[in-house]
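Chemist: Pasting data.pdb below, which is PDB, C-alpha atoms, pLDDT in the B column.
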```
ATOM      1  CA  MET A   6      98.284 101.016  90.264  1.00 62.00           C
ATOM      2  CA  VAL A   7      96.646 102.065  86.996  1.00 72.00           C
ATOM      3  CA  PRO A   8      97.519 103.812  83.746  1.00 82.00           C
ATOM      4  CA  VAL A   9      97.744 107.614  83.860  1.00 88.00           C
ATOM      5  CA  VAL A  10      94.502 108.004  81.894  1.00 90.00           C
ATOM      6  CA  VAL A  11      92.614 106.045  84.572  1.00 88.00           C
ATOM      7  CA  TRP A  12      94.281 107.966  87.402  1.00 89.00           C
ATOM      8  CA  ASN A  13      93.351 111.251  85.741  1.00 92.00           C
ATOM      9  CA  GLU A  14      89.752 110.107  85.328  1.00 92.00           C
ATOM     10  CA  LEU A  15      89.575 109.055  88.981  1.00 90.00           C
ATOM     11  CA  ARG A  16      90.809 112.508  90.007  1.00 93.00           C
ATOM     12  CA  GLY A  17      88.487 114.223  87.540  1.00 94.00           C
ATOM     13  CA  THR A  18      85.502 112.249  88.801  1.00 94.00           C
ATOM     14  CA  GLY A  19      86.233 113.060  92.423  1.00 95.00           C
ATOM     15  CA  ILE A  20      85.797 116.135  94.561  1.00 97.00           C
ATOM     16  CA  ARG A  21      89.027 117.802  95.671  1.00 97.00           C
ATOM     17  CA  ARG A  22      89.643 117.763  99.414  1.00 97.00           C
ATOM     18  CA  ASP A  23      92.537 119.484 101.144  1.00 98.00           C
ATOM     19  CA  PHE A  24      93.761 118.185 104.491  1.00 98.00           C
ATOM     20  CA  LYS A  25      96.101 119.817 106.999  1.00 98.00           C
ATOM     21  CA  ALA A  26      98.855 118.002 108.892  1.00 97.00           C
ATOM     22  CA  ASN A  27      97.389 115.770 111.635  1.00 96.00           C
ATOM     23  CA  GLU A  28      93.887 115.962 110.127  1.00 98.00           C
ATOM     24  CA  THR A  29      91.928 112.707 109.879  1.00 97.00           C
ATOM     25  CA  LEU A  30      91.004 111.655 106.339  1.00 97.00           C
ATOM     26  CA  LEU A  31      89.150 108.401 107.141  1.00 95.00           C
ATOM     27  CA  VAL A  32      87.907 106.948 110.439  1.00 94.00           C
ATOM     28  CA  GLU A  33      88.169 103.288 111.457  1.00 93.00           C
ATOM     29  CA  GLY A  34      84.768 101.658 111.931  1.00 90.00           C
ATOM     30  CA  ALA A  35      82.903 104.370 110.021  1.00 89.00           C
ATOM     31  CA  PRO A  36      80.502 103.243 107.311  1.00 84.00           C
ATOM     32  CA  ASP A  37      81.788 103.305 103.768  1.00 77.00           C
ATOM     33  CA  THR A  38      80.579 106.346 101.886  1.00 76.00           C
ATOM     34  CA  SER A  39      83.506 107.111  99.610  1.00 87.00           C
ATOM     35  CA  LEU A  40      87.176 106.518  98.980  1.00 90.00           C
ATOM     36  CA  LEU A  41      90.068 108.857  98.370  1.00 94.00           C
ATOM     37  CA  VAL A  42      92.722 109.010  95.678  1.00 94.00           C
ATOM     38  CA  LEU A  43      95.740 110.704  97.227  1.00 95.00           C
ATOM     39  CA  GLN A  44      97.242 113.284  94.895  1.00 95.00           C
ATOM     40  CA  ARG A  45      99.781 114.876  97.224  1.00 97.00           C
ATOM     41  CA  GLY A  46     101.174 114.295 100.702  1.00 97.00           C
ATOM     42  CA  ARG A  47     101.918 111.432 103.059  1.00 97.00           C
ATOM     43  CA  VAL A  48      99.560 109.756 105.514  1.00 97.00           C
ATOM     44  CA  ARG A  49      99.648 107.266 108.384  1.00 95.00           C
ATOM     45  CA  VAL A  50      97.238 104.314 108.333  1.00 93.00           C
ATOM     46  CA  LEU A  51      96.340 103.286 111.883  1.00 93.00           C
ATOM     47  CA  ASN A  52      94.413 100.381 113.345  1.00 88.00           C
ATOM     48  CA  SER A  53      93.346 101.631 116.757  1.00 87.00           C
ATOM     49  CA  THR A  54      96.452 103.743 117.394  1.00 85.00           C
ATOM     50  CA  LEU A  55      99.021 101.369 115.889  1.00 87.00           C
ATOM     51  CA  LEU A  56     100.655 102.128 112.579  1.00 88.00           C
ATOM     52  CA  VAL A  57      99.863  99.514 109.953  1.00 87.00           C
ATOM     53  CA  ALA A  58     101.085 101.415 106.895  1.00 87.00           C
ATOM     54  CA  VAL A  59     102.200 104.702 105.429  1.00 91.00           C
ATOM     55  CA  ARG A  60     100.900 105.891 102.094  1.00 92.00           C
ATOM     56  CA  GLY A  61     101.727 108.680  99.670  1.00 93.00           C
ATOM     57  CA  SER A  62     100.858 110.291  96.376  1.00 93.00           C
ATOM     58  CA  GLY A  63      99.262 107.890  93.939  1.00 88.00           C
ATOM     59  CA  ASP A  64      97.696 105.691  96.608  1.00 90.00           C
ATOM     60  CA  VAL A  65      94.020 104.895  96.934  1.00 89.00           C
ATOM     61  CA  LEU A  66      92.622 105.090 100.472  1.00 92.00           C
ATOM     62  CA  GLY A  67      89.480 103.296 101.595  1.00 87.00           C
ATOM     63  CA  GLU A  68      89.391 100.948  98.621  1.00 78.00           C
ATOM     64  CA  MET A  69      88.848  97.835 100.741  1.00 71.00           C
ATOM     65  CA  SER A  70      85.522  99.013 102.127  1.00 64.00           C
ATOM     66  CA  ALA A  71      84.688 100.337  98.667  1.00 62.00           C
ATOM     67  CA  GLN A  72      85.027  96.784  97.385  1.00 65.00           C
ATOM     68  CA  ASP A  73      82.879  95.037  99.972  1.00 69.00           C
ATOM     69  CA  GLY A  74      80.748  97.838 101.400  1.00 70.00           C
ATOM     70  CA  GLY A  75      82.013  97.136 104.909  1.00 77.00           C
ATOM     71  CA  THR A  76      83.145  99.616 107.509  1.00 84.00           C
ATOM     72  CA  ARG A  77      86.545 101.276 107.440  1.00 87.00           C
ATOM     73  CA  SER A  78      89.281  98.934 108.655  1.00 86.00           C
ATOM     74  CA  ALA A  79      91.654 101.752 109.625  1.00 90.00           C
ATOM     75  CA  THR A  80      91.974 105.441 110.402  1.00 94.00           C
ATOM     76  CA  VAL A  81      94.034 107.549 108.009  1.00 96.00           C
ATOM     77  CA  VAL A  82      95.770 110.678 109.327  1.00 97.00           C
ATOM     78  CA  ALA A  83      97.733 113.270 107.322  1.00 98.00           C
ATOM     79  CA  MET A  84     101.399 113.610 108.263  1.00 97.00           C
ATOM     80  CA  GLU A  85     101.614 116.820 106.247  1.00 97.00           C
ATOM     81  CA  SER A  86      99.316 118.870 104.019  1.00 97.00           C
ATOM     82  CA  CYS A  87      97.557 116.535 101.614  1.00 98.00           C
ATOM     83  CA  VAL A  88      95.377 116.803  98.541  1.00 98.00           C
ATOM     84  CA  ALA A  89      92.971 113.972  97.769  1.00 97.00           C
ATOM     85  CA  PHE A  90      89.962 113.443  95.553  1.00 97.00           C
ATOM     86  CA  SER A  91      86.877 111.868  97.091  1.00 96.00           C
ATOM     87  CA  LEU A  92      84.833 109.455  94.958  1.00 93.00           C
ATOM     88  CA  SER A  93      81.718 107.497  95.677  1.00 91.00           C
ATOM     89  CA  ARG A  94      82.034 103.749  95.628  1.00 86.00           C
ATOM     90  CA  ALA A  95      79.816 103.588  92.528  1.00 88.00           C
ATOM     91  CA  ALA A  96      81.867 106.200  90.624  1.00 91.00           C
ATOM     92  CA  PHE A  97      85.094 104.366  91.482  1.00 87.00           C
ATOM     93  CA  LYS A  98      83.702 101.052  90.225  1.00 85.00           C
ATOM     94  CA  ARG A  99      82.414 102.663  87.007  1.00 90.00           C
ATOM     95  CA  VAL A 100      85.865 104.029  86.172  1.00 87.00           C
ATOM     96  CA  LEU A 101      87.533 100.670  86.901  1.00 84.00           C
ATOM     97  CA  GLU A 102      84.969  98.772  84.804  1.00 87.00           C
ATOM     98  CA  ARG A 103      85.157 101.244  81.907  1.00 89.00           C
ATOM     99  CA  HIS A 104      88.934 100.793  81.712  1.00 87.00           C
ATOM    100  CA  LYS A 105      88.940  97.102  82.691  1.00 87.00           C
ATOM    101  CA  VAL A 106      91.488  97.547  85.469  1.00 82.00           C
ATOM    102  CA  GLY A 107      89.731  95.561  88.213  1.00 75.00           C
ATOM    103  CA  ASP A 108      92.508  92.940  88.215  1.00 80.00           C
ATOM    104  CA  GLN A 109      95.104  95.648  88.731  1.00 76.00           C
ATOM    105  CA  LEU A 110      93.108  96.927  91.715  1.00 71.00           C
ATOM    106  CA  GLY A 111      93.076  93.418  93.175  1.00 71.00           C
ATOM    107  CA  GLN A 112      96.859  93.160  92.806  1.00 78.00           C
ATOM    108  CA  TYR A 113      97.244  96.603  94.386  1.00 72.00           C
ATOM    109  CA  VAL A 114      95.123  95.623  97.393  1.00 70.00           C
ATOM    110  CA  VAL A 115      97.095  92.398  97.886  1.00 71.00           C
ATOM    111  CA  ALA A 116     100.395  94.310  97.720  1.00 74.00           C
ATOM    112  CA  LYS A 117      99.131  96.762 100.331  1.00 71.00           C
ATOM    113  CA  LEU A 118      98.043  93.903 102.595  1.00 67.00           C
ATOM    114  CA  ARG A 119     101.467  92.271 102.279  1.00 68.00           C
ATOM    115  CA  GLU A 120     103.124  95.554 103.251  1.00 69.00           C
ATOM    116  CA  THR A 121     100.798  95.876 106.241  1.00 64.00           C
ATOM    117  CA  VAL A 122     101.702  92.383 107.464  1.00 58.00           C
ATOM    118  CA  THR A 123     105.391  93.293 107.201  1.00 61.00           C
ATOM    119  CA  GLU A 124     104.791  96.549 109.068  1.00 59.00           C
ATOM    120  CA  VAL A 125     103.067  94.971 112.052  1.00 56.00           C
ATOM    121  CA  SER A 126     105.303  91.900 112.285  1.00 58.00           C
ATOM    122  CA  SER A 127     107.323  91.407 115.433  1.00 57.00           C
ATOM    123  CA  ARG A 128     110.743  92.776 114.543  1.00 72.00           C
ATOM    124  CA  GLY A 129     113.117  94.617 116.813  1.00 85.00           C
ATOM    125  CA  THR A 130     112.546  98.257 117.709  1.00 89.00           C
ATOM    126  CA  GLU A 131     115.435  99.613 115.637  1.00 92.00           C
ATOM    127  CA  ALA A 132     114.365  97.685 112.533  1.00 90.00           C
ATOM    128  CA  ARG A 133     110.767  98.869 112.891  1.00 89.00           C
ATOM    129  CA  VAL A 134     111.789 102.500 113.369  1.00 93.00           C
ATOM    130  CA  ARG A 135     114.264 102.393 110.494  1.00 93.00           C
ATOM    131  CA  ASP A 136     111.750 100.746 108.130  1.00 90.00           C
ATOM    132  CA  VAL A 137     109.053 103.303 108.884  1.00 91.00           C
ATOM    133  CA  LEU A 138     111.436 106.246 108.461  1.00 94.00           C
ATOM    134  CA  GLU A 139     112.669 104.884 105.118  1.00 93.00           C
ATOM    135  CA  ARG A 140     109.140 104.262 103.884  1.00 91.00           C
ATOM    136  CA  ILE A 141     107.989 107.760 104.841  1.00 94.00           C
ATOM    137  CA  ALA A 142     111.003 109.375 103.147  1.00 95.00           C
ATOM    138  CA  ARG A 143     110.510 107.242 100.020  1.00 94.00           C
ATOM    139  CA  LEU A 144     106.899 108.456  99.730  1.00 93.00           C
ATOM    140  CA  ALA A 145     107.877 112.131  99.462  1.00 95.00           C
ATOM    141  CA  GLU A 146     107.064 113.651  96.081  1.00 94.00           C
ATOM    142  CA  THR A 147     110.014 114.316  93.789  1.00 93.00           C
ATOM    143  CA  ASP A 148     109.512 118.077  94.209  1.00 95.00           C
ATOM    144  CA  HIS A 149     109.147 117.930  98.009  1.00 95.00           C
ATOM    145  CA  PRO A 150     111.347 120.651  99.563  1.00 94.00           C
ATOM    146  CA  LYS A 151     112.543 118.388 102.422  1.00 95.00           C
ATOM    147  CA  PRO A 152     112.015 114.763 101.385  1.00 95.00           C
ATOM    148  CA  LEU A 153     114.334 113.366 104.067  1.00 96.00           C
ATOM    149  CA  THR A 154     112.594 115.212 106.908  1.00 97.00           C
ATOM    150  CA  ILE A 155     110.006 113.005 108.592  1.00 97.00           C
ATOM    151  CA  PRO A 156     106.756 114.903 109.251  1.00 96.00           C
ATOM    152  CA  LEU A 157     106.186 113.224 112.637  1.00 95.00           C
ATOM    153  CA  SER A 158     107.311 114.154 116.112  1.00 95.00           C
ATOM    154  CA  GLN A 159     109.117 111.556 118.206  1.00 95.00           C
ATOM    155  CA  SER A 160     105.932 111.211 120.281  1.00 94.00           C
ATOM    156  CA  LYS A 161     103.712 110.575 117.237  1.00 93.00           C
ATOM    157  CA  LEU A 162     106.229 108.092 115.841  1.00 93.00           C
ATOM    158  CA  ALA A 163     106.343 106.255 119.175  1.00 93.00           C
ATOM    159  CA  GLU A 164     102.552 106.237 119.515  1.00 91.00           C
ATOM    160  CA  SER A 165     102.161 104.944 115.957  1.00 88.00           C
ATOM    161  CA  LEU A 166     104.576 102.085 116.585  1.00 89.00           C
ATOM    162  CA  GLY A 167     103.095 101.211 119.972  1.00 87.00           C
ATOM    163  CA  LEU A 168     106.386 102.056 121.672  1.00 89.00           C
ATOM    164  CA  SER A 169     107.351 104.417 124.474  1.00 92.00           C
ATOM    165  CA  ARG A 170     108.736 107.791 123.478  1.00 94.00           C
ATOM    166  CA  ASN A 171     111.899 106.944 125.453  1.00 95.00           C
ATOM    167  CA  ALA A 172     112.437 103.735 123.460  1.00 94.00           C
ATOM    168  CA  VAL A 173     112.070 105.631 120.174  1.00 95.00           C
ATOM    169  CA  ALA A 174     114.304 108.495 121.358  1.00 96.00           C
ATOM    170  CA  LYS A 175     117.001 105.975 122.298  1.00 96.00           C
ATOM    171  CA  VAL A 176     116.831 104.340 118.836  1.00 96.00           C
ATOM    172  CA  LEU A 177     116.929 107.739 117.123  1.00 97.00           C
ATOM    173  CA  VAL A 178     120.108 108.672 119.031  1.00 96.00           C
ATOM    174  CA  GLN A 179     121.657 105.340 117.979  1.00 96.00           C
ATOM    175  CA  LEU A 180     120.691 106.027 114.363  1.00 97.00           C
ATOM    176  CA  CYS A 181     122.334 109.467 114.604  1.00 96.00           C
ATOM    177  CA  ASP A 182     125.484 107.846 115.998  1.00 96.00           C
ATOM    178  CA  GLN A 183     125.427 105.474 112.999  1.00 96.00           C
ATOM    179  CA  ASN A 184     125.121 108.506 110.652  1.00 97.00           C
ATOM    180  CA  TYR A 185     121.774 107.156 109.462  1.00 96.00           C
ATOM    181  CA  LEU A 186     120.003 110.262 110.746  1.00 97.00           C
ATOM    182  CA  ALA A 187     121.143 113.859 110.373  1.00 96.00           C
ATOM    183  CA  SER A 188     118.989 115.016 113.292  1.00 95.00           C
ATOM    184  CA  THR A 189     116.358 113.797 115.742  1.00 94.00           C
ATOM    185  CA  ASN A 190     114.334 117.022 116.092  1.00 93.00           C
ATOM    186  CA  PRO A 191     113.035 117.194 113.498  1.00 95.00           C
ATOM    187  CA  ILE A 192     113.729 113.614 112.526  1.00 97.00           C
ATOM    188  CA  CYS A 193     115.772 113.825 109.330  1.00 96.00           C
ATOM    189  CA  LEU A 194     117.552 111.084 107.435  1.00 97.00           C
ATOM    190  CA  ALA A 195     121.186 111.664 106.490  1.00 96.00           C
ATOM    191  CA  GLU A 196     121.921 112.087 102.816  1.00 90.00           C
TER
END
```
Let me see the structure of the file written as structure tokens.

Modeler:
Amino acid sequence: MVPVVVWNELRGTGIRRDFKANETLLVEGAPDTSLLVLQRGRVRVLNSTLLVAVRGSGDVLGEMSAQDGGTRSATVVAMESCVAFSLSRAAFKRVLERHKVGDQLGQYVVAKLRETVTEVSSRGTEARVRDVLERIARLAETDHPKPLTIPLSQSKLAESLGLSRNAVAKVLVQLCDQNYLASTNPICLAE
């Protein structure tokens, strides 16, 4: 999103927060009080209980409400241990203004919205499952010990996609048969 110097200043301005797997980072409908810059880990972005996006290291969370002062449009839940830095809306805006990167933030927000539209579009079950698994794996840090292992149970994956666990289990078996997955419990992409 921004040059390294800006990212480092955002982190340095914020307060470090550590989150455990399945811990909620932001709550849909809550008033805007701050935003998070995600340093490490992967998260699910949910509207109600439906998955609208997955995010990873280097992403900003809660930036939409930070821009307009509205309530949170989604809930963000850690898929694994995460480290984020919490900034007030005012501190975030000061850093962006000081470095004149407001346009880059706008482009970033638009790109995230486009991805969200793609995520919630009406595609077949296998395509939706495959896309989410690929996106989650792609977001693993380069030094992640198991980047191809998906930090979600079949039940959480199904719930996130608004599908039955049986429908997801059936697709996962098919993906194993296609050698796309190495295993279904835990869900792990083949190399």

Chemist: Residues near region 140-148 of chain A, anyone? I mean within 12 Å using all atoms listed in the file, not counting same-chain ones fewer than 5 positions away, as a PyMOL selection string.

Modeler: chain A and resi 43-50+58-64+83-87+120+124+133-135+153-157+162+186+192-196

Chemist: How would you write, as a ChimeraX atom specification, the residues chosen by the PyMOL selection byres ((chain A and resi 16-28) around 7) on this structure?

Modeler: /A:12-15,29-30,42,82-92

Chemist: With all atoms listed in the file as the atoms that count, which of A:Gln179, A:Gln159, A:Asn171, A:Thr80 lies nearest to Leu55 (chain A)?

Modeler: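 Checking each candidate against Leu55 (chain A), we get A:Thr80 as the closest.
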
Chemist: Given the file shown, enumerate the residues that the PyMOL selection byres ((chain A and resi 113) around 12) captures and present them as a list in words.

Modeler: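 Matching residues under the PyMOL selection byres ((chain A and resi 113) around 12) are Met6, Val7, Gly63, Asp64, Val65, Leu66, Glu68, Met69, Val106, Gly107, Asp108, Gln109, Leu110, Gly111, Gln112, Val114, Val115, Ala116, Lys117, Leu118, Arg119 and Glu120 of chain A.
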
Chemist: Now that the selection is made, can you save its residues with C-alpha atoms as a short mmCIF file (atom, residue, chain, number, x, y, z; two decimals), keeping the file's coordinate frame?

Modeler:
```cif
data_model
loop_
_atom_site.label_atom_id
_atom_site.label_comp_id
_atom_site.auth_asym_id
_atom_site.auth_seq_id
_atom_site.Cartn_x
_atom_site.Cartn_y
_atom_site.Cartn_z
CA MET A 6 98.28 101.02 90.26
CA VAL A 7 96.65 102.06 87.00
CA GLY A 63 99.26 107.89 93.94
CA ASP A 64 97.70 105.69 96.61
CA VAL A 65 94.02 104.90 96.93
CA LEU A 66 92.62 105.09 100.47
CA GLU A 68 89.39 100.95 98.62
CA MET A 69 88.85 97.84 100.74
CA VAL A 106 91.49 97.55 85.47
CA GLY A 107 89.73 95.56 88.21
CA ASP A 108 92.51 92.94 88.22
CA GLN A 109 95.10 95.65 88.73
CA LEU A 110 93.11 96.93 91.72
CA GLY A 111 93.08 93.42 93.18
CA GLN A 112 96.86 93.16 92.81
CA VAL A 114 95.12 95.62 97.39
CA VAL A 115 97.10 92.40 97.89
CA ALA A 116 100.40 94.31 97.72
CA LYS A 117 99.13 96.76 100.33
CA LEU A 118 98.04 93.90 102.60
CA ARG A 119 101.47 92.27 102.28
CA GLU A 120 103.12 95.55 103.25
#
```

Chemist: Check the smallest atom-to-atom distance from each of A:Lys175, A:Gly67, A:Arg99, A:Leu180 to Leu138 (chain A) using only C-alpha atoms, then report the winner.

Modeler: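 Under the stated criterion, the closest residue is A:Leu180.
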
Chemist: Distance cut-off 6 Å, centre (91.5, 105.8, 80.1) in file coordinates, counting all atoms listed in the file: which residues qualify? Return them as a ChimeraX atom specification.

Modeler: /A:10-11,104
